[in-house]
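Source file: run_18.cif (mmCIF, N, CA and C atoms)
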data_run
loop_
_atom_site.label_atom_id
_atom_site.label_comp_id
_atom_site.auth_asym_id
_atom_site.auth_seq_id
_atom_site.Cartn_x
_atom_site.Cartn_y
_atom_site.Cartn_z
N MET C 13 79.01 -183.19 -33.87
CA MET C 13 78.34 -182.41 -32.84
C MET C 13 77.03 -183.10 -32.48
N LYS C 14 76.78 -183.15 -31.21
CA LYS C 14 75.54 -183.76 -30.74
C LYS C 14 74.37 -182.83 -31.00
N PRO C 15 73.19 -183.38 -31.24
CA PRO C 15 72.01 -182.52 -31.39
C PRO C 15 71.77 -181.74 -30.09
N MET C 16 71.34 -180.49 -30.22
CA MET C 16 71.03 -179.69 -29.03
C MET C 16 69.62 -179.14 -29.17
N GLN C 17 68.98 -178.96 -28.07
CA GLN C 17 67.65 -178.38 -28.04
C GLN C 17 67.78 -176.86 -28.01
N VAL C 18 67.01 -176.18 -28.85
CA VAL C 18 66.98 -174.72 -28.82
C VAL C 18 65.52 -174.28 -28.75
N ALA C 19 65.31 -173.18 -28.07
CA ALA C 19 63.95 -172.66 -27.93
C ALA C 19 63.59 -171.83 -29.16
N ILE C 20 62.35 -171.96 -29.60
CA ILE C 20 61.83 -171.11 -30.67
C ILE C 20 61.15 -169.93 -29.99
N ARG C 21 61.64 -168.73 -30.30
CA ARG C 21 61.17 -167.53 -29.61
C ARG C 21 60.36 -166.65 -30.54
N GLU C 22 59.47 -165.88 -29.95
CA GLU C 22 58.71 -164.91 -30.74
C GLU C 22 59.56 -163.68 -30.95
N ILE C 23 59.63 -163.25 -32.22
CA ILE C 23 60.36 -162.04 -32.58
C ILE C 23 59.41 -161.22 -33.44
N GLY C 24 58.71 -160.29 -32.83
CA GLY C 24 57.70 -159.53 -33.56
C GLY C 24 56.60 -160.47 -34.05
N ASN C 25 56.31 -160.40 -35.37
CA ASN C 25 55.31 -161.29 -35.96
C ASN C 25 55.91 -162.61 -36.42
N SER C 26 57.21 -162.80 -36.19
CA SER C 26 57.90 -164.02 -36.63
C SER C 26 58.36 -164.82 -35.43
N LYS C 27 59.04 -165.87 -35.71
CA LYS C 27 59.66 -166.69 -34.66
C LYS C 27 61.09 -166.96 -35.07
N GLY C 28 61.94 -167.20 -34.10
CA GLY C 28 63.34 -167.45 -34.42
C GLY C 28 64.03 -168.23 -33.33
N ILE C 29 65.26 -168.57 -33.61
CA ILE C 29 66.10 -169.25 -32.63
C ILE C 29 67.39 -168.46 -32.47
N VAL C 30 68.05 -168.66 -31.36
CA VAL C 30 69.37 -168.06 -31.14
C VAL C 30 70.39 -169.15 -31.40
N ILE C 31 71.31 -168.85 -32.30
CA ILE C 31 72.38 -169.81 -32.61
C ILE C 31 73.57 -169.46 -31.72
N PRO C 32 74.03 -170.39 -30.91
CA PRO C 32 75.13 -170.10 -30.00
C PRO C 32 76.38 -169.62 -30.75
N LYS C 33 77.10 -168.67 -30.14
CA LYS C 33 78.29 -168.09 -30.74
C LYS C 33 79.33 -169.14 -31.14
N PRO C 34 79.60 -170.17 -30.33
CA PRO C 34 80.58 -171.18 -30.75
C PRO C 34 80.17 -171.92 -32.03
N VAL C 35 78.87 -172.12 -32.22
CA VAL C 35 78.40 -172.78 -33.45
C VAL C 35 78.63 -171.87 -34.64
N LEU C 36 78.32 -170.58 -34.50
CA LEU C 36 78.57 -169.63 -35.59
C LEU C 36 80.05 -169.55 -35.92
N ALA C 37 80.89 -169.56 -34.90
CA ALA C 37 82.34 -169.50 -35.11
C ALA C 37 82.82 -170.76 -35.83
N GLN C 38 82.32 -171.91 -35.44
CA GLN C 38 82.72 -173.17 -36.07
C GLN C 38 82.34 -173.19 -37.55
N LEU C 39 81.21 -172.58 -37.88
CA LEU C 39 80.74 -172.54 -39.26
C LEU C 39 81.27 -171.33 -40.03
N ASP C 40 81.98 -170.45 -39.34
CA ASP C 40 82.50 -169.21 -39.92
C ASP C 40 81.38 -168.36 -40.50
N LEU C 41 80.27 -168.29 -39.77
CA LEU C 41 79.14 -167.43 -40.16
C LEU C 41 79.20 -166.18 -39.30
N ASP C 42 78.95 -165.02 -39.93
CA ASP C 42 79.03 -163.78 -39.16
C ASP C 42 77.75 -162.97 -39.27
N ARG C 43 77.52 -162.35 -40.42
CA ARG C 43 76.40 -161.43 -40.56
C ARG C 43 75.22 -162.00 -41.33
N GLU C 44 75.47 -162.92 -42.24
CA GLU C 44 74.35 -163.50 -42.98
C GLU C 44 74.68 -164.93 -43.38
N ALA C 45 73.64 -165.66 -43.73
CA ALA C 45 73.78 -167.05 -44.14
C ALA C 45 72.77 -167.35 -45.23
N ALA C 46 73.08 -168.30 -46.07
CA ALA C 46 72.13 -168.79 -47.06
C ALA C 46 71.33 -169.91 -46.40
N MET C 47 70.01 -169.81 -46.42
CA MET C 47 69.17 -170.79 -45.75
C MET C 47 68.34 -171.54 -46.78
N THR C 48 68.34 -172.87 -46.66
CA THR C 48 67.50 -173.73 -47.50
C THR C 48 66.83 -174.76 -46.61
N ILE C 49 65.85 -175.42 -47.18
CA ILE C 49 65.22 -176.57 -46.50
C ILE C 49 65.54 -177.79 -47.33
N GLU C 50 66.18 -178.76 -46.72
CA GLU C 50 66.58 -179.99 -47.41
C GLU C 50 66.13 -181.20 -46.59
N ASP C 51 65.34 -182.03 -47.21
CA ASP C 51 64.84 -183.25 -46.55
C ASP C 51 64.24 -182.95 -45.17
N GLY C 52 63.46 -181.87 -45.09
CA GLY C 52 62.79 -181.55 -43.83
C GLY C 52 63.68 -180.89 -42.80
N ALA C 53 64.89 -180.47 -43.17
CA ALA C 53 65.80 -179.82 -42.23
C ALA C 53 66.15 -178.42 -42.73
N ILE C 54 66.30 -177.50 -41.79
CA ILE C 54 66.78 -176.16 -42.14
C ILE C 54 68.29 -176.24 -42.23
N VAL C 55 68.83 -175.78 -43.36
CA VAL C 55 70.28 -175.84 -43.59
C VAL C 55 70.79 -174.42 -43.79
N LEU C 56 71.80 -174.05 -43.00
CA LEU C 56 72.45 -172.75 -43.13
C LEU C 56 73.85 -172.96 -43.71
N ARG C 57 74.19 -172.13 -44.70
CA ARG C 57 75.51 -172.19 -45.32
C ARG C 57 76.04 -170.78 -45.47
N LYS C 58 77.36 -170.68 -45.64
CA LYS C 58 77.95 -169.38 -45.96
C LYS C 58 77.39 -168.93 -47.30
N PRO C 59 77.05 -167.66 -47.43
CA PRO C 59 76.55 -167.18 -48.72
C PRO C 59 77.64 -167.29 -49.78
N ALA C 60 77.24 -167.61 -50.98
CA ALA C 60 78.20 -167.69 -52.09
C ALA C 60 78.68 -166.28 -52.40
N LYS C 61 79.97 -166.17 -52.65
CA LYS C 61 80.52 -164.88 -53.04
C LYS C 61 80.19 -164.61 -54.49
N ALA C 62 79.95 -163.36 -54.78
CA ALA C 62 79.67 -162.98 -56.16
C ALA C 62 80.91 -163.27 -57.01
N VAL C 63 80.68 -163.67 -58.22
CA VAL C 63 81.77 -164.01 -59.12
C VAL C 63 82.60 -162.77 -59.42
N ARG C 64 83.89 -162.93 -59.39
CA ARG C 64 84.87 -161.89 -59.74
C ARG C 64 84.87 -160.68 -58.82
N VAL C 65 84.38 -160.84 -57.60
CA VAL C 65 84.41 -159.73 -56.65
C VAL C 65 85.87 -159.41 -56.33
N GLY C 66 86.21 -158.14 -56.44
CA GLY C 66 87.55 -157.70 -56.10
C GLY C 66 88.59 -157.82 -57.20
N TRP C 67 88.21 -158.41 -58.34
CA TRP C 67 89.19 -158.60 -59.43
C TRP C 67 89.72 -157.27 -59.95
N ALA C 68 88.86 -156.29 -60.12
CA ALA C 68 89.30 -155.00 -60.68
C ALA C 68 90.30 -154.33 -59.74
N GLN C 69 90.02 -154.34 -58.45
CA GLN C 69 90.92 -153.72 -57.50
C GLN C 69 92.26 -154.46 -57.46
N GLU C 70 92.21 -155.78 -57.50
CA GLU C 70 93.45 -156.56 -57.47
C GLU C 70 94.27 -156.34 -58.73
N ALA C 71 93.61 -156.25 -59.89
CA ALA C 71 94.33 -156.00 -61.15
C ALA C 71 95.00 -154.64 -61.10
N LYS C 72 94.32 -153.66 -60.55
CA LYS C 72 94.90 -152.32 -60.43
C LYS C 72 96.12 -152.36 -59.51
N ALA C 73 96.02 -153.07 -58.41
CA ALA C 73 97.14 -153.17 -57.47
C ALA C 73 98.34 -153.88 -58.11
N VAL C 74 98.08 -154.92 -58.90
CA VAL C 74 99.15 -155.63 -59.60
C VAL C 74 99.85 -154.68 -60.57
N ALA C 75 99.07 -153.90 -61.31
CA ALA C 75 99.65 -152.95 -62.26
C ALA C 75 100.47 -151.88 -61.53
N GLU C 76 99.96 -151.39 -60.40
CA GLU C 76 100.68 -150.36 -59.64
C GLU C 76 102.01 -150.89 -59.11
N ARG C 77 102.08 -152.18 -58.79
CA ARG C 77 103.32 -152.78 -58.32
C ARG C 77 104.26 -153.14 -59.48
N GLY C 78 103.78 -152.96 -60.71
CA GLY C 78 104.60 -153.28 -61.88
C GLY C 78 104.73 -154.77 -62.13
N GLU C 79 103.78 -155.54 -61.64
CA GLU C 79 103.83 -156.99 -61.77
C GLU C 79 102.91 -157.49 -62.88
N ASP C 80 102.66 -156.64 -63.89
CA ASP C 80 101.71 -157.01 -64.93
C ASP C 80 102.38 -157.28 -66.27
N ALA C 81 103.63 -157.71 -66.24
CA ALA C 81 104.33 -158.04 -67.49
C ALA C 81 103.72 -159.28 -68.11
N LEU C 82 103.76 -159.35 -69.45
CA LEU C 82 103.22 -160.52 -70.14
C LEU C 82 104.08 -161.75 -69.83
N VAL C 83 103.44 -162.86 -69.59
CA VAL C 83 104.15 -164.09 -69.26
C VAL C 83 104.83 -164.66 -70.51
N LEU C 84 104.13 -164.66 -71.63
CA LEU C 84 104.66 -165.24 -72.86
C LEU C 84 105.27 -164.18 -73.79
N GLY C 85 105.14 -162.93 -73.46
CA GLY C 85 105.64 -161.89 -74.34
C GLY C 85 104.71 -161.68 -75.53
N GLU C 86 105.06 -160.71 -76.37
CA GLU C 86 104.26 -160.43 -77.57
C GLU C 86 104.59 -161.45 -78.66
N PHE C 87 103.62 -161.91 -79.32
CA PHE C 87 103.82 -162.75 -80.49
C PHE C 87 102.66 -162.55 -81.44
N GLY C 88 102.92 -162.62 -82.69
CA GLY C 88 101.88 -162.39 -83.68
C GLY C 88 101.60 -163.63 -84.50
N ASN C 89 100.62 -163.51 -85.35
CA ASN C 89 100.28 -164.57 -86.28
C ASN C 89 100.87 -164.23 -87.64
N ALA C 90 101.07 -165.22 -88.45
CA ALA C 90 101.71 -165.03 -89.75
C ALA C 90 100.95 -164.04 -90.63
N ASP C 91 99.65 -163.99 -90.52
CA ASP C 91 98.85 -163.13 -91.40
C ASP C 91 98.46 -161.79 -90.76
N ASP C 92 99.02 -161.43 -89.64
CA ASP C 92 98.64 -160.20 -88.96
C ASP C 92 98.89 -158.95 -89.82
N ALA C 93 99.94 -158.94 -90.61
CA ALA C 93 100.26 -157.77 -91.43
C ALA C 93 99.17 -157.50 -92.48
N ASP C 94 98.43 -158.52 -92.88
CA ASP C 94 97.39 -158.35 -93.89
C ASP C 94 96.07 -157.83 -93.33
N LEU C 95 95.92 -157.80 -92.00
CA LEU C 95 94.66 -157.39 -91.37
C LEU C 95 94.51 -155.88 -91.36
N GLN C 96 93.29 -155.40 -91.56
CA GLN C 96 92.99 -153.99 -91.44
C GLN C 96 92.12 -153.77 -90.22
N TRP C 97 92.46 -152.79 -89.42
CA TRP C 97 91.71 -152.53 -88.19
C TRP C 97 90.91 -151.29 -88.34
#
Just give me the structure of the file as structure tokens.
Amino acid sequence: MKPMQVAIREIGNSKGIVIPKPVLAQLDLDREAAMTIEDGAIVLRKPAKAVRVGWAQEAKAVAERGEDALVLGEFGNADDADLQW
């Protein structure tokens, strides 16, 4: 992409720029972005997703579909009978 000139506008007590919709679409940015400054440049990236987001809901859905059977089946260790719980 070629460099483009954008105007810096006053927004209340701050200043900002308008990012054209095609640029946001190309970057798949919608409501928020992670912003850093790297080597004198403002860098916008998609925010990192929180770890394990949605895992509980997906596990519940798998169980409801009956797709939660053990892959290796039950197996024990030789000394399991001697253990007290």
Among chain C, which ones does DSSP place in helix (DSSP H, G or I), written as a PyMOL selection string? chain C and resi 33-39+67-76+92-94
Quick one: pull the distance between atom N of Val30 in chain C and CA of Gln17 in chain C, Å, one decimal.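 Spanning atom N of Val30 in chain C to CA of Gln17 in chain C is a straight-line distance of 10.3 Å.
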Close residues, range 54-63 of chain C itself excluded, 6 Å, all atoms listed in the file, min 5 positions apart in chain, as a ChimeraX atom specification: /C:44-49
Grab the atom N of Glu70 in chain C to atom N of Leu82 in chain C distance for me, in Å with one decimal place.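 Between atom N of Glu70 in chain C and atom N of Leu82 in chain C the gap works out to 17.0 Å.
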